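K.L.:
Below is the file input-v1.pdb, which contains PDB, C-alpha atoms.
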```pdb
ATOM      1  CA  MET A   1       8.547  -1.935 -14.972
ATOM      2  CA  LYS A   2       9.655  -5.512 -14.420
ATOM      3  CA  LYS A   3       8.247  -8.177 -12.147
ATOM      4  CA  ILE A   4      10.978  -9.871 -10.132
ATOM      5  CA  LEU A   5      10.742 -12.805  -7.749
ATOM      6  CA  LYS A   6      12.693 -12.236  -4.587
ATOM      7  CA  LYS A   7      13.275 -14.648  -1.735
ATOM      8  CA  CYS A   8      11.929 -13.248   1.554
ATOM      9  CA  LEU A   9      11.959 -14.441   5.149
ATOM     10  CA  VAL A  10       9.309 -13.626   7.689
ATOM     11  CA  VAL A  11       8.795 -14.605  11.292
ATOM     12  CA  ILE A  12       5.293 -15.628  12.279
ATOM     13  CA  VAL A  13       4.216 -16.120  15.884
ATOM     14  CA  MET A  14       1.756 -19.002  15.975
ATOM     15  CA  VAL A  15      -1.033 -17.899  18.312
ATOM     16  CA  GLY A  16      -3.864 -20.018  16.943
ATOM     17  CA  VAL A  17      -5.325 -17.258  14.777
ATOM     18  CA  ALA A  18      -5.384 -17.719  11.011
ATOM     19  CA  SER A  19      -5.472 -14.516   8.993
ATOM     20  CA  ILE A  20      -4.825 -13.048   5.570
ATOM     21  CA  LEU A  21      -2.661  -9.960   5.232
ATOM     22  CA  LEU A  22      -2.261  -8.113   1.918
ATOM     23  CA  THR A  23       1.215  -6.619   1.560
ATOM     24  CA  SER A  24       3.301  -5.234  -1.286
ATOM     25  CA  CYS A  25       6.751  -3.754  -1.649
ATOM     26  CA  ALA A  26       8.506  -1.087  -3.700
ATOM     27  CA  THR A  27      12.157  -0.378  -4.357
ATOM     28  CA  PRO A  28      13.747   0.468  -0.965
ATOM     29  CA  GLN A  29      15.370   3.861  -0.510
ATOM     30  CA  PRO A  30      17.290   5.406   2.386
ATOM     31  CA  SER A  31      15.028   6.922   5.009
ATOM     32  CA  PRO A  32      15.544   8.983   8.149
ATOM     33  CA  SER A  33      16.422   7.058  11.285
ATOM     34  CA  SER A  34      13.692   6.627  13.846
ATOM     35  CA  SER A  35      13.425   5.756  17.485
ATOM     36  CA  SER A  36      13.160   2.057  18.233
ATOM     37  CA  PRO A  37       9.963   1.009  19.976
ATOM     38  CA  THR A  38      10.081  -1.099  23.083
ATOM     39  CA  ALA A  39       7.965  -4.168  23.613
ATOM     40  CA  ALA A  40       5.535  -2.187  25.725
ATOM     41  CA  SER A  41       5.024   0.425  23.019
ATOM     42  CA  THR A  42       3.871  -1.895  20.221
ATOM     43  CA  GLN A  43       0.241  -1.953  21.318
ATOM     44  CA  PRO A  44      -1.420   1.329  22.325
ATOM     45  CA  ALA A  45      -3.893   1.385  25.178
ATOM     46  CA  THR A  46      -7.319   0.492  23.700
ATOM     47  CA  SER A  47     -10.244  -1.797  24.469
ATOM     48  CA  PHE A  48      -8.979  -4.322  21.900
ATOM     49  CA  LYS A  49      -7.613  -7.688  23.005
ATOM     50  CA  PRO A  50      -4.060  -8.860  22.107
ATOM     51  CA  GLU A  51      -5.501 -11.453  19.708
ATOM     52  CA  ASP A  52      -7.151  -8.659  17.719
ATOM     53  CA  TYR A  53      -3.749  -7.398  16.545
ATOM     54  CA  MET A  54      -1.501  -8.256  13.643
ATOM     55  CA  VAL A  55       1.848  -6.534  14.214
ATOM     56  CA  SER A  56       4.566  -6.111  11.597
ATOM     57  CA  LEU A  57       7.758  -4.112  11.279
ATOM     58  CA  GLU A  58       9.693  -2.645   8.353
ATOM     59  CA  GLU A  59      13.165  -1.179   8.009
ATOM     60  CA  ASP A  60      12.452   2.013   6.042
ATOM     61  CA  TRP A  61      10.786   4.833   7.949
ATOM     62  CA  PRO A  62       8.865   7.107   8.261
ATOM     63  CA  THR A  63       5.857   5.645   6.442
ATOM     64  CA  PHE A  64       3.822   7.778   4.029
ATOM     65  CA  SER A  65       0.424   6.159   3.476
ATOM     66  CA  ASP A  66      -0.673   8.750   0.905
ATOM     67  CA  PRO A  67      -0.653   6.801  -2.403
ATOM     68  CA  ALA A  68       0.499   9.884  -4.355
ATOM     69  CA  VAL A  69       3.522  10.299  -2.070
ATOM     70  CA  GLY A  70       4.708   6.928  -0.737
ATOM     71  CA  ALA A  71       6.915   4.522  -2.711
ATOM     72  CA  ASP A  72       9.109   2.648  -0.201
ATOM     73  CA  PHE A  73       8.528  -0.779   1.336
ATOM     74  CA  SER A  74       6.624   0.353   4.428
ATOM     75  CA  ASP A  75       4.714   2.959   2.401
ATOM     76  CA  MET A  76       3.393   0.332   0.010
ATOM     77  CA  ILE A  77       2.494  -2.110   2.785
ATOM     78  CA  ALA A  78       0.357   0.585   4.412
ATOM     79  CA  VAL A  79      -1.102   1.860   1.120
ATOM     80  CA  THR A  80      -2.042  -1.625  -0.129
ATOM     81  CA  ASN A  81      -3.951  -2.338   3.068
ATOM     82  CA  VAL A  82      -5.740   1.033   3.179
ATOM     83  CA  TYR A  83      -6.437   1.650  -0.534
ATOM     84  CA  ASP A  84      -7.533  -0.510  -3.440
ATOM     85  CA  ALA A  85      -6.358  -0.385  -7.044
ATOM     86  CA  LEU A  86      -8.177  -1.002 -10.321
ATOM     87  CA  VAL A  87      -6.480  -4.379 -10.711
ATOM     88  CA  PHE A  88      -4.437  -6.632  -8.466
ATOM     89  CA  VAL A  89      -1.808  -9.316  -8.953
ATOM     90  CA  ASN A  90      -2.080 -13.075  -8.451
ATOM     91  CA  ASN A  91       0.674 -15.148  -6.875
ATOM     92  CA  ASP A  92       1.746 -16.238 -10.369
ATOM     93  CA  ASN A  93       2.160 -12.553 -11.388
ATOM     94  CA  THR A  94      -0.921 -12.511 -13.614
ATOM     95  CA  ILE A  95      -3.420  -9.655 -13.305
ATOM     96  CA  LYS A  96      -6.894 -10.116 -11.849
ATOM     97  CA  PRO A  97      -9.919  -7.799 -11.542
ATOM     98  CA  TRP A  98     -10.119  -5.687  -8.408
ATOM     99  CA  LEU A  99     -11.979  -2.368  -8.341
ATOM    100  CA  ALA A 100     -12.425  -2.894 -12.078
ATOM    101  CA  GLU A 101     -14.440  -6.024 -12.880
ATOM    102  CA  LYS A 102     -13.328  -6.078 -16.518
ATOM    103  CA  TRP A 103     -11.567  -3.952 -19.126
ATOM    104  CA  GLU A 104     -11.079  -3.532 -22.846
ATOM    105  CA  MET A 105      -8.212  -2.280 -24.987
ATOM    106  CA  SER A 106      -8.681  -0.564 -28.343
ATOM    107  CA  PRO A 107      -7.078  -2.163 -31.440
ATOM    108  CA  ASP A 108      -4.346   0.499 -31.491
ATOM    109  CA  GLY A 109      -3.474  -0.142 -27.822
ATOM    110  CA  LYS A 110      -4.040   3.468 -26.784
ATOM    111  CA  ALA A 111      -7.556   3.476 -25.293
ATOM    112  CA  TRP A 112      -8.263   1.381 -22.192
ATOM    113  CA  THR A 113     -11.815   1.169 -20.832
ATOM    114  CA  PHE A 114     -12.462  -0.108 -17.295
ATOM    115  CA  TYR A 115     -15.826  -1.176 -15.889
ATOM    116  CA  LEU A 116     -15.947  -0.562 -12.146
ATOM    117  CA  ARG A 117     -17.351  -2.811  -9.482
ATOM    118  CA  LYS A 118     -20.620  -1.421  -8.093
ATOM    119  CA  GLY A 119     -21.318  -0.865  -4.412
ATOM    120  CA  VAL A 120     -17.712  -0.276  -3.319
ATOM    121  CA  LYS A 121     -17.631   2.007  -0.288
ATOM    122  CA  PHE A 122     -14.915   4.403   0.751
ATOM    123  CA  HIS A 123     -14.124   4.628   4.447
ATOM    124  CA  ASN A 124     -16.167   7.856   4.619
ATOM    125  CA  GLY A 125     -19.280   6.016   3.381
ATOM    126  CA  GLU A 126     -19.207   7.435  -0.157
ATOM    127  CA  THR A 127     -19.634   5.045  -3.106
ATOM    128  CA  LEU A 128     -16.815   4.586  -5.611
ATOM    129  CA  LYS A 129     -17.534   6.262  -8.964
ATOM    130  CA  ALA A 130     -15.601   6.702 -12.209
ATOM    131  CA  SER A 131     -15.131  10.384 -11.307
ATOM    132  CA  ASP A 132     -12.997   9.281  -8.323
ATOM    133  CA  VAL A 133     -10.685   7.421 -10.705
ATOM    134  CA  VAL A 134     -10.349  10.485 -12.956
ATOM    135  CA  PHE A 135      -9.688  12.660  -9.900
ATOM    136  CA  THR A 136      -7.074  10.209  -8.633
ATOM    137  CA  LEU A 137      -5.141  10.465 -11.901
ATOM    138  CA  LYS A 138      -5.296  14.260 -11.757
ATOM    139  CA  ARG A 139      -3.890  14.158  -8.226
ATOM    140  CA  TYR A 140      -1.066  11.792  -9.258
ATOM    141  CA  HIS A 141      -0.176  13.992 -12.244
ATOM    142  CA  THR A 142      -0.331  17.214 -10.233
ATOM    143  CA  ILE A 143       1.690  16.070  -7.209
ATOM    144  CA  GLY A 144       4.226  14.143  -9.301
ATOM    145  CA  GLU A 145       5.716  12.144  -6.410
ATOM    146  CA  GLY A 146       5.812   8.483  -5.392
ATOM    147  CA  THR A 147       4.730   6.205  -8.228
ATOM    148  CA  SER A 148       3.169   9.027 -10.264
ATOM    149  CA  TRP A 149       5.762   8.622 -13.009
ATOM    150  CA  LEU A 150       4.115   5.331 -13.996
ATOM    151  CA  TRP A 151       1.214   7.235 -15.589
ATOM    152  CA  LEU A 152       2.982  10.054 -17.400
ATOM    153  CA  ASN A 153       1.997   8.246 -20.603
ATOM    154  CA  ILE A 154      -1.724   8.759 -19.868
ATOM    155  CA  ASP A 155      -2.854  11.662 -22.018
ATOM    156  CA  ASP A 156      -6.458  11.813 -20.839
ATOM    157  CA  ALA A 157      -8.986  10.153 -18.529
ATOM    158  CA  LYS A 158     -12.728  10.532 -18.670
ATOM    159  CA  ALA A 159     -15.747   9.123 -16.856
ATOM    160  CA  ILE A 160     -18.064   7.733 -19.524
ATOM    161  CA  ASP A 161     -20.682   7.063 -16.854
ATOM    162  CA  ASP A 162     -20.653   6.432 -13.090
ATOM    163  CA  TYR A 163     -19.050   3.024 -13.464
ATOM    164  CA  THR A 164     -17.033   3.297 -16.669
ATOM    165  CA  VAL A 165     -13.726   5.121 -17.020
ATOM    166  CA  GLN A 166     -11.471   5.379 -20.052
ATOM    167  CA  PHE A 167      -7.761   6.150 -20.200
ATOM    168  CA  THR A 168      -6.176   7.369 -23.434
ATOM    169  CA  LEU A 169      -2.426   6.802 -23.730
ATOM    170  CA  LYS A 170      -0.029   9.017 -25.642
ATOM    171  CA  LYS A 171       1.375   5.870 -27.205
ATOM    172  CA  PRO A 172       0.855   2.119 -26.726
ATOM    173  CA  PHE A 173       2.615   0.738 -23.648
ATOM    174  CA  GLY A 174       2.798  -3.031 -23.144
ATOM    175  CA  PRO A 175       3.043  -3.138 -19.313
ATOM    176  CA  PHE A 176       0.273  -0.556 -18.809
ATOM    177  CA  LEU A 177      -2.119  -2.978 -17.107
ATOM    178  CA  TYR A 178       0.620  -3.998 -14.659
ATOM    179  CA  THR A 179       1.257  -0.392 -13.685
ATOM    180  CA  LEU A 180      -2.358  -0.134 -12.512
ATOM    181  CA  VAL A 181      -1.618  -2.521  -9.645
ATOM    182  CA  ARG A 182      -0.175   0.637  -8.059
ATOM    183  CA  PHE A 183      -3.038   2.932  -9.121
ATOM    184  CA  TYR A 184      -4.697   3.328  -5.713
ATOM    185  CA  VAL A 185      -7.996   5.199  -5.960
ATOM    186  CA  VAL A 186      -8.835   8.027  -3.539
ATOM    187  CA  SER A 187     -12.200   9.542  -2.650
ATOM    188  CA  GLU A 188     -12.543  12.869  -4.423
ATOM    189  CA  LYS A 189     -14.995  14.142  -1.798
ATOM    190  CA  GLU A 190     -12.701  13.232   1.114
ATOM    191  CA  VAL A 191      -9.622  14.815  -0.448
ATOM    192  CA  MET A 192     -11.448  17.985  -1.451
ATOM    193  CA  ALA A 193     -12.849  18.345   2.074
ATOM    194  CA  HIS A 194      -9.349  18.490   3.532
ATOM    195  CA  LEU A 195      -7.422  20.812   1.215
ATOM    196  CA  LYS A 196      -5.134  23.239   2.997
ATOM    197  CA  GLN A 197      -5.005  26.716   1.501
ATOM    198  CA  PRO A 198      -2.808  28.236   0.296
ATOM    199  CA  GLY A 199      -0.690  25.484  -1.167
ATOM    200  CA  PRO A 200       1.650  24.613  -4.040
ATOM    201  CA  TYR A 201      -1.097  23.258  -6.307
ATOM    202  CA  GLY A 202      -3.122  26.399  -7.004
ATOM    203  CA  GLU A 203      -6.857  25.934  -6.480
ATOM    204  CA  TYR A 204      -6.157  22.545  -4.897
ATOM    205  CA  GLY A 205      -4.001  24.016  -2.150
ATOM    206  CA  ASP A 206      -1.834  21.245  -0.721
ATOM    207  CA  PHE A 207      -4.133  18.579  -2.287
ATOM    208  CA  ALA A 208      -4.739  17.277   1.276
ATOM    209  CA  LYS A 209      -1.151  16.019   1.561
ATOM    210  CA  GLU A 210      -0.844  17.237   5.148
ATOM    211  CA  TRP A 211      -4.148  15.665   6.202
ATOM    212  CA  LEU A 212      -3.261  12.373   4.520
ATOM    213  CA  LEU A 213      -0.113  12.061   6.623
ATOM    214  CA  THR A 214      -2.333  10.830   9.450
ATOM    215  CA  HIS A 215      -5.683  10.016   7.772
ATOM    216  CA  ASP A 216      -6.867   8.256   4.623
ATOM    217  CA  ALA A 217      -9.273   8.596   1.695
ATOM    218  CA  GLY A 218      -9.344   4.946   0.700
ATOM    219  CA  CYS A 219     -11.707   2.015   0.205
ATOM    220  CA  GLY A 220      -9.292  -0.786   1.153
ATOM    221  CA  PRO A 221      -9.678  -3.502   3.810
ATOM    222  CA  TYR A 222      -8.183  -1.350   6.577
ATOM    223  CA  LYS A 223      -8.546   2.307   7.496
ATOM    224  CA  ILE A 224      -6.090   4.557   9.284
ATOM    225  CA  LYS A 225      -6.793   4.629  13.014
ATOM    226  CA  GLU A 226      -3.686   6.341  14.380
ATOM    227  CA  VAL A 227      -0.320   7.531  13.084
ATOM    228  CA  LYS A 228       2.792   8.562  14.970
ATOM    229  CA  THR A 229       5.038   9.613  12.117
ATOM    230  CA  GLU A 230       8.367   8.442  13.552
ATOM    231  CA  GLU A 231       6.958   5.358  15.296
ATOM    232  CA  TYR A 232       4.021   3.495  13.772
ATOM    233  CA  VAL A 233       0.909   3.354  11.617
ATOM    234  CA  LEU A 234      -2.114   1.656  13.178
ATOM    235  CA  MET A 235      -4.848   0.436  10.840
ATOM    236  CA  GLU A 236      -8.315  -0.804  11.779
ATOM    237  CA  LYS A 237     -10.494  -3.314   9.927
ATOM    238  CA  PHE A 238     -13.088  -1.689   7.641
ATOM    239  CA  ASP A 239     -16.181  -3.808   8.156
ATOM    240  CA  ASP A 240     -17.835  -2.654   4.898
ATOM    241  CA  TRP A 241     -14.931  -3.669   2.680
ATOM    242  CA  TRP A 242     -16.299  -4.951  -0.615
ATOM    243  CA  GLY A 243     -13.979  -7.983  -0.613
ATOM    244  CA  GLY A 244     -15.477  -9.568   2.508
ATOM    245  CA  TRP A 245     -13.662 -10.901   5.541
ATOM    246  CA  ASP A 246     -12.303 -14.142   6.900
ATOM    247  CA  PRO A 247     -13.757 -14.554  10.418
ATOM    248  CA  ASN A 248     -10.252 -14.784  11.887
ATOM    249  CA  ALA A 249      -8.844 -11.703  10.151
ATOM    250  CA  PRO A 250      -7.145  -9.284  12.581
ATOM    251  CA  LYS A 251      -9.164  -6.271  13.657
ATOM    252  CA  LEU A 252      -6.040  -4.131  13.896
ATOM    253  CA  PHE A 253      -2.891  -4.138  11.789
ATOM    254  CA  LYS A 254       0.092  -2.259  13.145
ATOM    255  CA  LEU A 255       3.216  -1.408  11.162
ATOM    256  CA  PHE A 256       6.152   0.099  13.033
ATOM    257  CA  ALA A 257       9.776   1.057  12.545
ATOM    258  CA  GLU A 258      12.296  -1.768  12.801
ATOM    259  CA  PRO A 259      14.152  -1.826  16.134
ATOM    260  CA  ASP A 260      17.383  -3.710  16.857
ATOM    261  CA  SER A 261      17.495  -7.514  16.808
ATOM    262  CA  SER A 262      17.414  -7.876  20.582
ATOM    263  CA  THR A 263      14.207  -5.827  20.788
ATOM    264  CA  ILE A 264      12.662  -7.901  17.986
ATOM    265  CA  ARG A 265      13.519 -11.034  19.969
ATOM    266  CA  SER A 266      11.808  -9.599  23.058
ATOM    267  CA  LEU A 267       8.716  -8.671  21.042
ATOM    268  CA  LEU A 268       8.493 -12.189  19.618
ATOM    269  CA  ALA A 269       8.958 -13.800  23.021
ATOM    270  CA  ASN A 270       6.205 -11.587  24.459
ATOM    271  CA  ARG A 271       3.808 -12.419  21.575
ATOM    272  CA  GLU A 272       3.788  -8.771  20.455
ATOM    273  CA  LEU A 273       5.060  -9.300  16.910
ATOM    274  CA  GLU A 274       3.916 -11.536  14.047
ATOM    275  CA  ILE A 275       5.965 -10.453  11.028
ATOM    276  CA  THR A 276       9.497  -9.146  10.549
ATOM    277  CA  ASP A 277      11.101  -7.968   7.326
ATOM    278  CA  GLU A 278      13.677  -9.977   5.359
ATOM    279  CA  TRP A 279      16.773  -7.993   6.323
ATOM    280  CA  GLN A 280      17.907  -9.962   9.375
ATOM    281  CA  ALA A 281      21.034 -12.148   9.325
ATOM    282  CA  ILE A 282      20.510 -15.895   8.871
ATOM    283  CA  GLU A 283      21.945 -16.481  12.350
ATOM    284  CA  THR A 284      19.368 -14.081  13.776
ATOM    285  CA  TYR A 285      16.494 -16.019  12.196
ATOM    286  CA  LYS A 286      17.910 -19.245  13.606
ATOM    287  CA  ALA A 287      17.921 -17.652  17.038
ATOM    288  CA  PHE A 288      14.341 -16.478  16.580
ATOM    289  CA  ALA A 289      13.298 -20.036  15.660
ATOM    290  CA  GLN A 290      14.399 -21.221  19.110
ATOM    291  CA  ILE A 291      11.727 -19.093  20.788
ATOM    292  CA  PRO A 292       8.744 -21.265  21.781
ATOM    293  CA  GLY A 293       5.778 -20.656  19.465
ATOM    294  CA  VAL A 294       7.807 -19.039  16.677
ATOM    295  CA  LYS A 295       8.028 -20.524  13.204
ATOM    296  CA  ILE A 296      10.184 -19.230  10.360
ATOM    297  CA  ALA A 297       8.322 -19.064   7.045
ATOM    298  CA  LYS A 298      10.390 -18.772   3.863
ATOM    299  CA  TYR A 299       8.660 -17.953   0.585
ATOM    300  CA  LEU A 300       8.933 -16.282  -2.795
ATOM    301  CA  VAL A 301       7.126 -13.020  -3.416
ATOM    302  CA  GLY A 302       6.710 -10.836  -6.493
ATOM    303  CA  HIS A 303       8.135  -7.333  -6.332
ATOM    304  CA  ASN A 304       7.775  -4.295  -8.545
ATOM    305  CA  PHE A 305      11.259  -3.219  -9.474
ATOM    306  CA  ALA A 306      12.056  -0.199 -11.627
ATOM    307  CA  LEU A 307      15.285   0.446 -13.507
ATOM    308  CA  ARG A 308      15.480   4.067 -14.637
ATOM    309  CA  PHE A 309      17.710   5.161 -17.487
ATOM    310  CA  HIS A 310      18.698   8.628 -18.654
ATOM    311  CA  CYS A 311      17.526   8.484 -22.260
ATOM    312  CA  ALA A 312      18.529  12.016 -23.253
ATOM    313  CA  LYS A 313      22.208  11.143 -23.712
ATOM    314  CA  PRO A 314      24.190   8.040 -24.723
ATOM    315  CA  PRO A 315      25.557   5.691 -22.018
ATOM    316  CA  HIS A 316      29.040   6.197 -20.588
ATOM    317  CA  ARG A 317      31.778   3.894 -21.793
TER     318      ARG A 317
END
```
Can the structure from this file be put into structure tokens for me?
P.N.:
Amino acid sequence: MKKILKKCLVVIVMVGVASILLTSCATPQPSPSSSSPTAASTQPATSFKPEDYMVSLEEDWPTFSDPAVGADFSDMIAVTNVYDALVFVNNDNTIKPWLAEKWEMSPDGKAWTFYLRKGVKFHNGETLKASDVVFTLKRYHTIGEGTSWLWLNIDDAKAIDDYTVQFTLKKPFGPFLYTLVRFYVVSEKEVMAHLKQPGPYGEYGDFAKEWLLTHDAGCGPYKIKEVKTEEYVLMEKFDDWWGGWDPNAPKLFKLFAEPDSSTIRSLLANRELEITDEWQAIETYKAFAQIPGVKIAKYLVGHNFALRFHCAKPPHR
């Protein structure tokens, strides 16, 4: 896995509300086409006020917010906001503690011990334990989709106590700590309560994959409120998030499928969109910048980018 800096453009509607939004991206892949939302459809009928919303769009769709399934751009944006990982990444691409407060590596580089933060709550009210981390790895290994391939080198995981978990690698792997930025922990109790039987995973049925299409088992800053698979994912602020909240943080974060440029322009003009993706033409961004209240923000962002090679045979000449 290699960290790559990529230049991105976003459009931000300045409405007098400062907020922090955690997003991350994965290697984009083709996805099924989806219906384009209209300006009126971006905010469902609720008791929330317009200023409570942060609205973003992404080009790949549908979005799978199950961390053992999703891997595309929109998937990872949703997953990063709904789930938390053992470690996270700083703007300078260094690793910082997240669900794990600290960690140790054995002299041979094969045993990694993580000491979990205490008092972290899942959205269902359960407290994060080392057993949830072990269960999460089992689910990744069993399902084998999304980013699961990153941890094929983990030979074993065990909970030493409620707040200490140890991974044993098959062989030393230099970027191992960086892979854990994508290791999003799920609640064992929540997943087990929503297994569908029978299923492809034996005693685990469908491993709650169907339920997690429209729900979550996370402990991240937002929780799934509503999902329309071909249209949008609506996430609601989780008040008990361990990381704490800025007073101006949005109460709702909505991610929806990218419509055409003219619809995006209408959404911006109507103050119904804060963030676009980076795939618009330069001329389109210039046109957006002419809309009163819209500012174009250009910045560098770190991406996870994977190059996969077939190592069982020599390269073609």
K.L.:
Do you know which residues are at most 9 Å from segment 84-97 of chain A counting all atoms listed in the file, after dropping those on the same chain fewer than 5 positions away, and could you put them as an NGL selection string?
P.N.:
:A and (3 or 79 or 102-103 or 114 or 116 or 133 or 177-178 or 180-186 or 218-221 or 301-302)
K.L.:
Can you turn the PyMOL selection byres ((chain A and resi 172) around 8) into a concrete residue list for this file, as a list in words?
P.N.:
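Those residues are Asp108, Gly109, Lys110, Leu169, Lys170, Lys171, Phe173 and Gly174 of chain A.
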K.L.:
Pick out the closest residue to His141 of chain A from this set: A:Ala111, A:Ala71, A:Ala257, A:Ile154. Count all atoms listed in the file.
P.N.:
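Among the listed residues, the smallest separation from His141 of chain A belongs to A:Ile154.
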K.L.:
Within 12 Å of segment 192-206 of chain A, counting only C-alpha atoms, which residues qualify if same-chain residues fewer than 2 places away don't, as an mmCIF file with C-alpha atoms, in the frame of the given file?
P.N.:
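Dumped everything to part.cif:
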```cif
data_model
loop_
_atom_site.group_PDB
_atom_site.id
_atom_site.type_symbol
_atom_site.label_atom_id
_atom_site.label_comp_id
_atom_site.auth_asym_id
_atom_site.auth_seq_id
_atom_site.Cartn_x
_atom_site.Cartn_y
_atom_site.Cartn_z
ATOM 1 C CA ASN A 124 -16.167 7.856 4.619
ATOM 2 C CA ASP A 132 -12.997 9.281 -8.323
ATOM 3 C CA PHE A 135 -9.688 12.660 -9.900
ATOM 4 C CA THR A 136 -7.074 10.209 -8.633
ATOM 5 C CA LYS A 138 -5.296 14.260 -11.757
ATOM 6 C CA ARG A 139 -3.890 14.158 -8.226
ATOM 7 C CA TYR A 140 -1.066 11.792 -9.258
ATOM 8 C CA HIS A 141 -0.176 13.992 -12.244
ATOM 9 C CA THR A 142 -0.331 17.214 -10.233
ATOM 10 C CA ILE A 143 1.690 16.070 -7.209
ATOM 11 C CA GLY A 144 4.226 14.143 -9.301
ATOM 12 C CA VAL A 186 -8.835 8.027 -3.539
ATOM 13 C CA SER A 187 -12.200 9.542 -2.650
ATOM 14 C CA GLU A 188 -12.543 12.869 -4.423
ATOM 15 C CA LYS A 189 -14.995 14.142 -1.798
ATOM 16 C CA GLU A 190 -12.701 13.232 1.114
ATOM 17 C CA ALA A 208 -4.739 17.277 1.276
ATOM 18 C CA LYS A 209 -1.151 16.019 1.561
ATOM 19 C CA GLU A 210 -0.844 17.237 5.148
ATOM 20 C CA TRP A 211 -4.148 15.665 6.202
ATOM 21 C CA LEU A 212 -3.261 12.373 4.520
ATOM 22 C CA LEU A 213 -0.113 12.061 6.623
ATOM 23 C CA THR A 214 -2.333 10.830 9.450
ATOM 24 C CA HIS A 215 -5.683 10.016 7.772
ATOM 25 C CA ASP A 216 -6.867 8.256 4.623
ATOM 26 C CA ALA A 217 -9.273 8.596 1.695
#
```
K.L.:
Work out how far atom CA of Lys158 of chain A is from atom CA of Lys129 of chain A, in Å to one decimal.
P.N.:
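Rounded to one decimal, the two atoms are 11.6 Å apart.
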K.L.:
Mind pulling up the distance from atom CA of Ala297 of chain A to atom CA of Trp245 of chain A?
P.N.:
23.5 Å
K.L.:
Could you state the separation of atom CA of Glu272 of chain A and atom CA of Tyr222 of chain A in Å, given to one decimal place?
P.N.:
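The value is 19.8 Å.
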K.L.:
Report as a VMD selection string the full result of the PyMOL selection byres ((chain A and resi 234) around 8) when it is applied to this structure.
P.N.:
chain A and resid 224 to 227 232 to 233 235 to 236 252 to 255
K.L.:
Determine the nearest neighbour of Thr164 of chain A from the options A:Glu104, A:Glu230, A:Glu145, A:Glu126, counting only C-alpha atoms.
P.N.:
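So, comparing all the options, the nearest one is A:Glu104.
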K.L.:
Using the chain letters and residue numbers of this document, give as a list in words the residues selected by the PyMOL selection byres ((chain A and resi 146) around 10).
P.N.:
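With the PyMOL selection byres ((chain A and resi 146) around 10) on this model, the match is Phe64, Asp66, Pro67, Ala68, Val69, Gly70, Ala71, Asp72, Asp75, Tyr140, Ile143, Gly144, Glu145, Thr147, Ser148, Trp149 and Leu150 of chain A.
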K.L.:
Calculated over all atoms listed in the file, which of the candidates A:Ser261, A:Gly119, A:Leu267, A:Ala249 has the smallest distance to Ala287 of chain A?
P.N.:
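Residue with the minimum atom-to-atom distance to Ala287 of chain A: A:Ser261.
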K.L.:
For a quick check of understanding, using only C-alpha atoms, which of A:Val120, A:Met105, A:Val55, A:Met76 has the smallest distance to Phe256 of chain A?
P.N.:
A:Val55
K.L.:
Between A:Ala130, A:Pro292, A:Lys121, A:Asp161, which residue has the minimum interatomic distance to Asp240 of chain A, considering only C-alpha atoms?
P.N.:
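Among the listed residues, A:Lys121 lies closest to Asp240 of chain A.
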K.L.:
Counting all atoms listed in the file, which of A:Phe288, A:His310, A:Thr229, A:Gly243 gets nearest to Ile264 of chain A?
P.N.:
A:Phe288
